[in-house]
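Shown next: run37.cif, containing mmCIF, C-alpha atoms and all ligand atoms.
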```cif
data_protein
loop_
_atom_site.label_atom_id
_atom_site.label_comp_id
_atom_site.auth_asym_id
_atom_site.auth_seq_id
_atom_site.Cartn_x
_atom_site.Cartn_y
_atom_site.Cartn_z
CA MET N 1070 -110.58 93.47 149.51
CA VAL N 1071 -108.16 91.00 147.91
CA SER N 1072 -105.97 92.09 145.02
CA TYR N 1073 -105.47 89.57 142.26
CA LYS N 1074 -101.82 90.56 142.27
CA GLU N 1075 -101.41 88.94 145.68
CA LEU N 1076 -102.82 85.74 144.20
CA GLY N 1077 -100.27 85.62 141.39
CA LEU N 1078 -102.85 86.38 138.69
CA VAL N 1079 -102.43 88.95 135.91
CA ASN N 1080 -104.85 91.23 134.07
CA THR N 1081 -105.27 91.13 130.29
CA ARG N 1082 -103.65 94.42 129.27
CA GLU N 1083 -100.11 93.37 128.42
CA MET N 1084 -101.24 89.93 127.28
CA PHE N 1085 -103.60 91.42 124.67
CA ALA N 1086 -101.08 93.99 123.45
CA LYS N 1087 -98.57 91.20 122.79
CA ALA N 1088 -101.19 88.98 121.16
CA ILE N 1089 -102.22 91.67 118.68
CA LYS N 1090 -98.60 92.40 117.78
CA GLY N 1091 -97.77 88.72 117.52
CA GLY N 1092 -100.82 87.69 115.48
CA TYR N 1093 -102.23 85.14 117.90
CA ALA N 1094 -105.14 84.95 120.38
CA ILE N 1095 -105.39 84.04 124.06
CA PRO N 1096 -107.65 81.11 124.92
CA ALA N 1097 -110.49 81.87 127.31
CA PHE N 1098 -111.70 78.59 128.74
CA ASN N 1099 -114.67 78.32 131.10
CA PHE N 1100 -114.34 76.13 134.14
CA ASN N 1101 -116.88 74.62 136.52
CA ASN N 1102 -115.02 71.79 138.20
CA MET N 1103 -111.65 70.43 139.24
CA GLU N 1104 -111.05 68.15 136.27
CA GLN N 1105 -111.67 70.95 133.80
CA LEU N 1106 -109.34 73.28 135.68
CA GLN N 1107 -106.61 70.63 135.90
CA ALA N 1108 -106.87 70.01 132.16
CA ILE N 1109 -106.72 73.74 131.35
CA ILE N 1110 -103.70 74.35 133.58
CA LYS N 1111 -101.82 71.27 132.40
CA ALA N 1112 -102.39 72.16 128.75
CA SER N 1113 -101.37 75.79 129.32
CA ALA N 1114 -98.31 74.90 131.40
CA GLU N 1115 -97.07 72.31 128.93
CA THR N 1116 -97.52 74.57 125.92
CA LYS N 1117 -96.45 77.71 127.82
CA SER N 1118 -99.58 79.53 126.74
CA PRO N 1119 -101.12 82.47 128.57
CA VAL N 1120 -104.65 81.54 129.59
CA ILE N 1121 -107.88 83.16 130.74
CA LEU N 1122 -109.96 81.19 133.24
CA GLN N 1123 -113.56 82.24 132.86
CA VAL N 1124 -116.31 82.04 135.42
CA SER N 1125 -119.84 82.32 134.06
CA LYS N 1126 -123.10 82.88 135.88
CA GLY N 1127 -123.92 79.20 135.44
CA ALA N 1128 -120.55 78.24 136.92
CA ARG N 1129 -121.13 80.48 139.92
CA ASN N 1130 -124.51 78.91 140.51
CA TYR N 1131 -123.14 75.40 140.04
CA ALA N 1132 -119.81 75.50 141.85
CA ASN N 1133 -120.00 78.61 144.05
CA GLN N 1134 -118.10 81.80 143.29
CA THR N 1135 -115.94 81.61 146.42
CA LEU N 1136 -114.83 78.09 145.69
CA LEU N 1137 -114.04 78.92 142.05
CA ARG N 1138 -111.89 81.85 143.08
CA TYR N 1139 -109.87 79.71 145.49
CA MET N 1140 -109.54 77.08 142.79
CA ALA N 1141 -108.05 79.71 140.48
CA GLN N 1142 -105.65 80.72 143.23
CA GLY N 1143 -104.70 77.06 143.60
CA ALA N 1144 -104.30 76.83 139.84
CA VAL N 1145 -101.45 79.36 139.96
CA GLU N 1146 -99.59 77.21 142.49
CA TYR N 1147 -100.37 74.05 140.54
CA ALA N 1148 -98.97 75.67 137.37
CA LYS N 1149 -95.74 76.47 139.21
CA GLU N 1150 -95.52 72.87 140.42
CA LEU N 1151 -95.79 71.80 136.80
CA GLY N 1152 -92.66 73.81 136.06
CA TRP N 1153 -94.29 76.98 134.72
CA GLU N 1154 -92.16 79.56 136.51
CA LYS N 1155 -94.22 82.67 135.84
CA PRO N 1156 -97.74 81.53 135.00
CA GLN N 1157 -99.72 84.02 132.94
CA ILE N 1158 -103.18 83.28 134.26
CA VAL N 1159 -106.17 85.65 134.22
CA LEU N 1160 -109.26 85.08 136.35
CA HIS N 1161 -112.12 86.59 134.38
CA LEU N 1162 -115.81 87.11 135.07
CA ASP N 1163 -117.72 86.00 131.99
CA HIS N 1164 -120.94 87.90 131.17
CA GLY N 1165 -121.21 90.04 134.30
CA ASP N 1166 -124.70 91.49 134.25
CA SER N 1167 -124.59 94.19 136.93
CA PHE N 1168 -122.25 96.72 138.51
CA GLU N 1169 -122.64 94.99 141.89
CA LEU N 1170 -121.51 91.63 140.54
CA CYS N 1171 -118.52 93.12 138.72
CA LYS N 1172 -117.56 95.07 141.85
CA SER N 1173 -117.77 91.97 144.03
CA CYS N 1174 -115.46 90.11 141.63
CA VAL N 1175 -112.96 92.99 141.56
CA ASP N 1176 -113.02 93.10 145.37
CA PHE N 1177 -112.59 89.35 145.60
CA GLY N 1178 -109.49 88.84 143.47
CA PHE N 1179 -110.61 88.62 139.85
CA SER N 1180 -108.10 90.26 137.50
CA SER N 1181 -110.58 90.92 134.69
CA VAL N 1182 -114.34 91.31 134.38
CA MET N 1183 -116.82 91.45 131.56
CA ILE N 1184 -119.80 93.74 131.83
CA ASP N 1185 -122.30 92.57 129.27
CA ALA N 1186 -124.86 95.31 128.83
CA SER N 1187 -125.21 94.62 125.12
CA HIS N 1188 -128.92 93.86 125.50
CA LEU N 1189 -129.55 97.39 126.83
CA PRO N 1190 -130.12 100.46 124.66
CA TYR N 1191 -126.82 101.96 123.44
CA GLU N 1192 -126.61 104.86 125.90
CA GLU N 1193 -127.44 102.61 128.85
CA ASN N 1194 -124.76 100.14 127.73
CA ILE N 1195 -122.25 103.00 127.74
CA ALA N 1196 -123.33 104.28 131.16
CA LEU N 1197 -123.16 100.88 132.88
CA THR N 1198 -119.92 99.88 131.18
CA LYS N 1199 -118.28 103.17 132.16
CA LYS N 1200 -119.37 102.72 135.77
CA VAL N 1201 -117.71 99.31 135.88
CA VAL N 1202 -114.57 100.58 134.13
CA ASP N 1203 -114.22 103.51 136.55
CA TYR N 1204 -114.39 101.14 139.50
CA ALA N 1205 -112.24 98.33 138.10
CA HIS N 1206 -109.45 100.57 136.85
CA GLN N 1207 -108.82 101.88 140.35
CA TYR N 1208 -107.52 98.38 141.09
CA ASP N 1209 -105.90 97.77 137.71
CA VAL N 1210 -108.55 95.20 136.79
CA THR N 1211 -109.27 95.11 133.04
CA VAL N 1212 -112.80 95.31 131.62
CA GLU N 1213 -114.34 93.63 128.59
CA ALA N 1214 -117.51 95.15 127.18
CA GLU N 1215 -119.87 94.03 124.42
CA LEU N 1216 -121.50 95.73 121.46
CA GLY N 1217 -123.89 93.80 119.26
CA VAL N 1218 -125.86 90.70 120.17
CA LEU N 1219 -124.85 87.05 119.76
CA ALA N 1220 -127.45 84.40 119.10
CA GLY N 1221 -127.58 81.17 121.07
CA VAL N 1222 -127.69 80.03 124.67
CA GLU N 1223 -124.80 80.26 127.10
CA ASP N 1224 -125.83 79.26 130.56
CA GLU N 1225 -128.30 81.97 131.41
CA VAL N 1226 -127.43 84.34 128.59
CA SER N 1227 -129.58 83.74 125.56
CA SER N 1228 -130.88 85.44 122.48
CA ALA N 1229 -132.84 84.10 119.55
CA VAL N 1230 -131.26 86.30 116.94
CA SER N 1231 -127.88 87.94 116.44
CA HIS N 1232 -127.25 91.57 115.56
CA TYR N 1233 -123.83 92.28 114.14
CA THR N 1234 -121.81 94.98 115.86
CA LYS N 1235 -122.16 98.30 114.04
CA PRO N 1236 -118.65 99.49 113.08
CA GLU N 1237 -119.82 103.12 113.16
CA GLU N 1238 -120.45 102.82 116.92
CA VAL N 1239 -117.18 101.31 118.12
CA VAL N 1240 -115.01 104.43 118.40
CA ASP N 1241 -117.64 106.35 120.36
CA PHE N 1242 -118.28 103.35 122.59
CA ALA N 1243 -114.64 102.56 123.34
CA THR N 1244 -113.76 106.21 123.92
CA ARG N 1245 -116.67 107.02 126.20
CA THR N 1246 -116.52 103.83 128.26
CA GLY N 1247 -112.75 103.39 128.50
CA CYS N 1248 -113.16 99.62 128.20
CA ASP N 1249 -110.00 97.54 127.64
CA SER N 1250 -111.43 95.10 125.11
CA LEU N 1251 -114.58 94.72 123.09
CA ALA N 1252 -116.63 91.59 122.43
CA ILE N 1253 -118.22 91.87 119.02
CA SER N 1254 -120.87 89.99 117.08
CA ILE N 1255 -119.80 88.78 113.64
CA GLY N 1256 -121.68 85.51 113.43
CA THR N 1257 -120.28 83.43 116.30
CA SER N 1258 -122.91 82.07 118.64
CA HIS N 1259 -123.23 80.46 122.07
CA GLY N 1260 -123.84 76.74 122.59
CA ALA N 1261 -123.43 73.51 120.59
CA TYR N 1262 -126.22 74.37 118.15
CA LYS N 1263 -124.89 77.56 116.68
CA PHE N 1264 -126.86 77.43 113.48
CA THR N 1265 -130.17 76.00 112.40
CA PRO N 1266 -130.10 73.58 109.45
CA GLU N 1267 -131.84 76.34 107.43
CA GLN N 1268 -128.85 78.66 107.95
CA CYS N 1269 -126.40 76.01 106.74
CA THR N 1270 -125.69 74.02 103.63
CA ARG N 1271 -125.22 70.26 103.82
CA ASP N 1272 -122.05 68.45 102.70
CA PRO N 1273 -123.36 65.96 100.14
CA LYS N 1274 -120.64 63.43 101.04
CA THR N 1275 -120.95 63.32 104.82
CA GLY N 1276 -124.45 64.71 105.30
CA LYS N 1277 -123.00 67.10 107.92
CA LEU N 1278 -124.06 70.72 108.16
CA VAL N 1279 -121.69 73.37 106.83
CA PRO N 1280 -122.18 76.65 108.74
CA PRO N 1281 -122.29 80.11 107.16
CA PRO N 1282 -118.94 81.97 107.29
CA LEU N 1283 -118.13 84.63 109.88
CA ALA N 1284 -118.62 88.25 108.81
CA PHE N 1285 -114.97 89.14 108.30
CA ASP N 1286 -116.02 92.32 106.48
CA VAL N 1287 -117.57 93.58 109.74
CA LEU N 1288 -114.41 92.63 111.67
CA ASP N 1289 -112.25 94.45 109.11
CA ALA N 1290 -114.41 97.57 109.35
CA ILE N 1291 -114.15 97.51 113.15
CA MET N 1292 -110.36 97.10 113.05
CA GLU N 1293 -110.11 100.01 110.64
CA LYS N 1294 -112.05 102.25 113.04
CA LEU N 1295 -110.16 101.05 116.13
CA PRO N 1296 -106.65 100.11 115.05
CA GLY N 1297 -104.83 97.93 117.57
CA PHE N 1298 -107.79 97.67 119.94
CA PRO N 1299 -108.31 94.22 121.53
CA ILE N 1300 -111.31 92.40 120.05
CA VAL N 1301 -113.00 89.39 121.68
CA LEU N 1302 -115.00 86.57 120.12
CA HIS N 1303 -117.56 84.77 122.26
CA GLY N 1304 -119.31 81.55 121.27
CA SER N 1305 -116.29 80.22 119.38
CA SER N 1306 -116.44 76.51 119.93
CA SER N 1307 -116.00 74.44 116.80
CA VAL N 1308 -118.14 71.52 117.97
CA PRO N 1309 -115.62 68.89 116.78
CA GLN N 1310 -117.51 66.23 114.89
CA GLU N 1311 -115.31 63.48 116.35
CA TYR N 1312 -116.78 64.22 119.80
CA VAL N 1313 -120.31 64.58 118.48
CA ASP N 1314 -119.93 61.24 116.67
CA MET N 1315 -118.48 59.62 119.80
CA ILE N 1316 -121.38 60.89 121.91
CA ASN N 1317 -123.91 59.63 119.37
CA GLN N 1318 -122.10 56.30 118.99
CA TYR N 1319 -122.27 55.66 122.73
CA GLY N 1320 -125.94 56.37 123.23
CA GLY N 1321 -126.09 60.15 123.07
CA LYS N 1322 -128.30 62.23 120.85
CA LEU N 1323 -126.82 65.39 119.37
CA PRO N 1324 -128.18 65.61 115.85
CA ASP N 1325 -126.87 68.47 113.71
CA ALA N 1326 -124.71 70.08 116.41
CA VAL N 1327 -122.47 72.51 114.57
CA GLY N 1328 -119.87 75.17 115.45
CA ILE N 1329 -117.40 77.64 113.98
CA PRO N 1330 -114.83 76.01 111.66
CA GLU N 1331 -111.34 76.17 113.14
CA GLU N 1332 -109.80 77.69 109.98
CA GLN N 1333 -111.99 80.74 110.50
CA LEU N 1334 -110.92 81.09 114.14
CA ARG N 1335 -107.32 80.70 113.07
CA LYS N 1336 -107.75 83.52 110.59
CA ALA N 1337 -109.43 85.67 113.27
CA SER N 1338 -106.58 84.93 115.73
CA GLU N 1339 -104.10 86.53 113.35
CA SER N 1340 -106.04 89.82 113.45
CA ALA N 1341 -106.92 92.14 116.34
CA VAL N 1342 -109.02 89.32 117.79
CA CYS N 1343 -106.95 88.50 120.87
CA LYS N 1344 -109.37 86.55 123.09
CA ILE N 1345 -111.41 83.60 121.89
CA ASN N 1346 -113.98 81.99 124.19
CA ILE N 1347 -114.31 78.23 124.10
CA ASP N 1348 -116.68 76.37 126.39
CA SER N 1349 -118.97 73.96 124.53
CA ASP N 1350 -116.06 72.00 123.01
CA SER N 1351 -114.76 70.93 126.40
CA ARG N 1352 -118.28 69.98 127.48
CA LEU N 1353 -118.49 67.78 124.40
CA ALA N 1354 -115.08 66.20 125.08
CA PHE N 1355 -116.03 65.50 128.70
CA THR N 1356 -119.36 63.98 127.74
CA ALA N 1357 -117.87 61.87 124.92
CA ALA N 1358 -115.23 60.37 127.23
CA VAL N 1359 -117.71 59.63 130.01
CA ARG N 1360 -120.20 58.02 127.63
CA LYS N 1361 -117.48 55.81 126.19
CA VAL N 1362 -116.50 54.49 129.63
CA PHE N 1363 -120.13 53.91 130.60
CA ALA N 1364 -120.84 52.07 127.36
CA GLU N 1365 -117.72 49.91 127.48
CA LYS N 1366 -117.62 49.28 131.23
CA PRO N 1367 -121.17 49.27 132.56
CA GLY N 1368 -119.90 47.98 135.91
CA GLU N 1369 -117.75 51.06 136.55
CA PHE N 1370 -118.83 53.17 139.50
CA ASP N 1371 -115.67 54.99 140.56
CA PRO N 1372 -116.03 58.59 139.32
CA ARG N 1373 -112.25 58.83 138.94
CA LYS N 1374 -112.43 56.10 136.31
CA TYR N 1375 -114.67 58.17 134.05
CA CYS N 1376 -113.74 61.72 135.09
CA GLY N 1377 -110.05 60.81 134.56
CA PRO N 1378 -110.47 59.92 130.88
CA ALA N 1379 -112.71 62.99 130.49
CA ARG N 1380 -109.93 65.13 131.92
CA ASP N 1381 -107.39 63.59 129.52
CA LEU N 1382 -109.59 64.24 126.51
CA MET N 1383 -110.21 67.86 127.57
CA GLU N 1384 -106.47 68.39 128.01
CA GLU N 1385 -105.87 67.09 124.49
CA LEU N 1386 -108.57 69.44 123.20
CA TYR N 1387 -107.11 72.48 125.00
CA LYS N 1388 -103.63 71.76 123.64
CA HIS N 1389 -105.01 71.39 120.15
CA LYS N 1390 -106.79 74.74 120.43
CA ILE N 1391 -103.69 76.48 121.80
CA ILE N 1392 -101.27 75.08 119.23
CA ASN N 1393 -103.34 74.63 116.08
CA VAL N 1394 -106.06 77.26 116.33
CA LEU N 1395 -105.01 80.21 118.53
CA GLY N 1396 -101.23 80.04 118.16
CA SER N 1397 -100.62 81.10 121.77
CA ASN N 1398 -98.12 78.32 122.58
CA GLY N 1399 -94.73 79.52 123.73
CA LYS N 1400 -96.05 83.01 124.47
CA ALA N 1401 -95.91 82.83 128.28
ZN ZN R 1 -120.26 84.61 125.85
#
```
Representation of the structure as structure tokens:
Amino acid sequence: MVSYKELGLVNTREMFAKAIKGGYAIPAFNFNNMEQLQAIIKASAETKSPVILQVSKGARNYANQTLLRYMAQGAVEYAKELGWEKPQIVLHLDHGDSFELCKSCVDFGFSSVMIDASHLPYEENIALTKKVVDYAHQYDVTVEAELGVLAGVEDEVSSAVSHYTKPEEVVDFATRTGCDSLAISIGTSHGAYKFTPEQCTRDPKTGKLVPPPLAFDVLDAIMEKLPGFPIVLHGSSSVPQEYVDMINQYGGKLPDAVGIPEEQLRKASESAVCKINIDSDSRLAFTAAVRKVFAEKPGEFDPRKYCGPARDLMEELYKHKIINVLGSNGKA
């Protein structure tokens, strides 16, 4: 048993309470490799933003759970080296799908876990979530749960259609499970293809897809039922068109990739939404930078020469999100 506290990590409790009061949101960035982690920590340290490092099922399969945990531990020390005296870093399990997995993360030094039982019938979701909460809270590890279903594909979590969270269920769910935060479905979606062209309109000038707006009425109804309760948005990449264009310009093929407009995430950040998950955008930045190097310097074969620029572009993206979208700069 390793406590996250010994590793210098923090849970989300105080962080979320401050974020709701202050009208901003904490970035939750997924990481799978060293360059991504370096970029996240540099951006967070330089902007003094609290940050949630997320480990998904795909990341565990790709990079190994043990290695990722030690990388997060190293990230705390790296942040201090960068001059961030008291780093506010959470190590979070993204989309935990069983009690055993959540328990193993709690036992291994994670400071926060998500149990995603949203695909199960309501009562089963409550029972499994409560089991995880009862275990995690013994060690002061915070638990995110989910109600409602998001469309899209995120690593191994996928659903063809979304079902908005039902506001009439949230009080019962939060009370009976004791969860610390709640991921809801209001129209965000996993992946770089969040909406089909049929769901969107097309900007006549640019020919780009314009996605349907988030269901702020559902969010408002949830906040009215659960005042001051931390709300989480998954699938909140914006799929910046500059990266999509760069990828396509340098030989890629991402037609009609579309995400959640940043103005809508900004608006959500000012409400009880206090954690916003962003993964696809950094994948796009990484890919765009690598493609550019390959196209411009076909003789390049030193991975540092293309992973380096990818890291720089991701860092720029993370800073932009922190400062211009979530407003979490200067809060840690
Ligand atoms: Zn998710």
Computed interatomic separation between CA of Ile1316 (chain N) and CA of Phe1355 (chain N) (Å):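 Going from CA of Ile1316 (chain N) over to CA of Phe1355 (chain N) covers 9.8 Å.
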List the neighbours of region 1248-1262 of chain N out to 6 Å using all atoms listed in the file; skip same-chain residues closer than 6 positions along the sequence, and give me the result as a ChimeraX atom specification. /N:1211-1223,1233-1234,1283-1284,1299-1302,1304-1305,1326-1327,1349
Could you make a table, as a tab-separated table, of the residues of region 1217-1324 of chain N that have an atom within 8 Å of an atom of region 1197-1201 of chain N, each with its nearest atom pair and distance in Å to one decimal, counting all atoms listed in the file, in chain and number order?
```
residue	atom	partner	partner_atom	distance
N:Arg1245	CA	N:Lys1199	CA	7.3
N:Thr1246	CA	N:Lys1199	CA	4.3
N:Gly1247	CA	N:Lys1199	CA	6.6
N:Cys1248	CA	N:Lys1199	CA	7.4
```
Counting only C-alpha atoms, which residue out of N:Pro1282, N:Pro1236, N:Pro1156, N:Gly1368 sits closest to Ile1121 (chain N)? N:Pro1156
Record the distance separating CA of His1188 (chain N) and CA of Lys1336 (chain N), expressed in Å with one decimal.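 It comes out at 27.9 Å.
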For the atom pair CA of His1206 (chain N) and CA of Leu1106 (chain N), what is the interatomic distance in Å to one decimal place?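 These atoms are spaced 27.3 Å apart.
In this comparison, which uses only C-alpha atoms, the residue of N:Arg1271, N:His1389, N:Lys1087, N:Lys1277 approaching Asp1350 (chain N) most closely is N:His1389.
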Counting all atoms listed in the file, what is within 9 Å of Ala1379 (chain N), bar same-chain residues fewer than 3 positions away, as a ChimeraX atom specification? /N:1104-1105,1354-1359,1375-1376,1382-1384
As AutoDock Vina command-line options, please report the centre and edge lengths, rounded to one decimal in Å, of the axis-aligned box that holds all listed atoms of region 1148-1154 of chain N with 5 Å of padding on each of the six sides.
```
--center_x -95.6 --center_y 75.7 --center_z 137.6 --size_x 16.8 --size_y 17.8 --size_z 15.7
```
So which one's closest to ligand ZN 1 (chain R), N:Asp1185, N:Glu1075, N:Asp1241, N:Glu1115? Using all atoms listed in the file, please. N:Asp1185
Leaving out Leu1386 (chain N) and any residue of its chain fewer than 2 positions from it, which residues lie within 12 Å of it when counting only C-alpha atoms, given as a ChimeraX atom specification? /N:1096,1098,1105,1108-1109,1111-1113,1306-1309,1311-1312,1347-1355,1358,1379-1384,1388-1394
Please write as a PyMOL selection string the list of polymer residues whose atoms come within 9 Å of (-112.2, 89.6, 150.3), counting only C-alpha atoms and keeping to the coordinates of the file. chain N and resi 1070-1072+1173+1176-1178
Using all atoms listed in the file, which residue out of N:Ala1088, N:Ala1243, N:Met1183, N:Ala1114 lies closest to ligand ZN 1 (chain R)? N:Met1183
Residue nearest ligand ZN 1 (chain R) among N:Ala1128, N:Ile1158, N:Gly1152, N:Asp1163 (counting all atoms listed in the file):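 Looking at the shortest contact to ligand ZN 1 (chain R), the residue is N:Asp1163.
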Which residue of N:Tyr1139, N:Asn1099, N:Gly1091, N:Glu1146 approaches ligand ZN 1 (chain R) most closely, using all atoms listed in the file: N:Asn1099
What lies within 10 Å of Met1084 (chain N) using all atoms listed in the file, ignoring chain neighbours under 4 positions off, as a PyMOL selection string? chain N and resi 1079-1080+1088-1089+1094-1095+1119-1120+1157-1159+1343-1344+1400-1401
Compute the distance from (-119.5, 78.4, 137.4) to each atom, counting all atoms listed in the file, keep the residues with any atom at most 9 Å away, and return them as a ChimeraX atom specification; use the coordinates of the file. /N:1099-1102,1123-1134,1137
Convert the current residue selection to file output with C-alpha atoms, as a compact mmCIF listing (two decimals), keeping the file's coordinate frame.
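Saved to out_28.txt:
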```txt
# COMPACT_ATOMS: atom_id res chain seq x y z
CA ASN N 1099 -114.67 78.32 131.10
CA PHE N 1100 -114.34 76.13 134.14
CA ASN N 1101 -116.88 74.62 136.52
CA ASN N 1102 -115.02 71.79 138.20
CA GLN N 1123 -113.56 82.24 132.86
CA VAL N 1124 -116.31 82.04 135.42
CA SER N 1125 -119.84 82.32 134.06
CA LYS N 1126 -123.10 82.88 135.88
CA GLY N 1127 -123.92 79.20 135.44
CA ALA N 1128 -120.55 78.24 136.92
CA ARG N 1129 -121.13 80.48 139.92
CA ASN N 1130 -124.51 78.91 140.51
CA TYR N 1131 -123.14 75.40 140.04
CA ALA N 1132 -119.81 75.50 141.85
CA ASN N 1133 -120.00 78.61 144.05
CA GLN N 1134 -118.10 81.80 143.29
CA LEU N 1137 -114.04 78.92 142.05
```
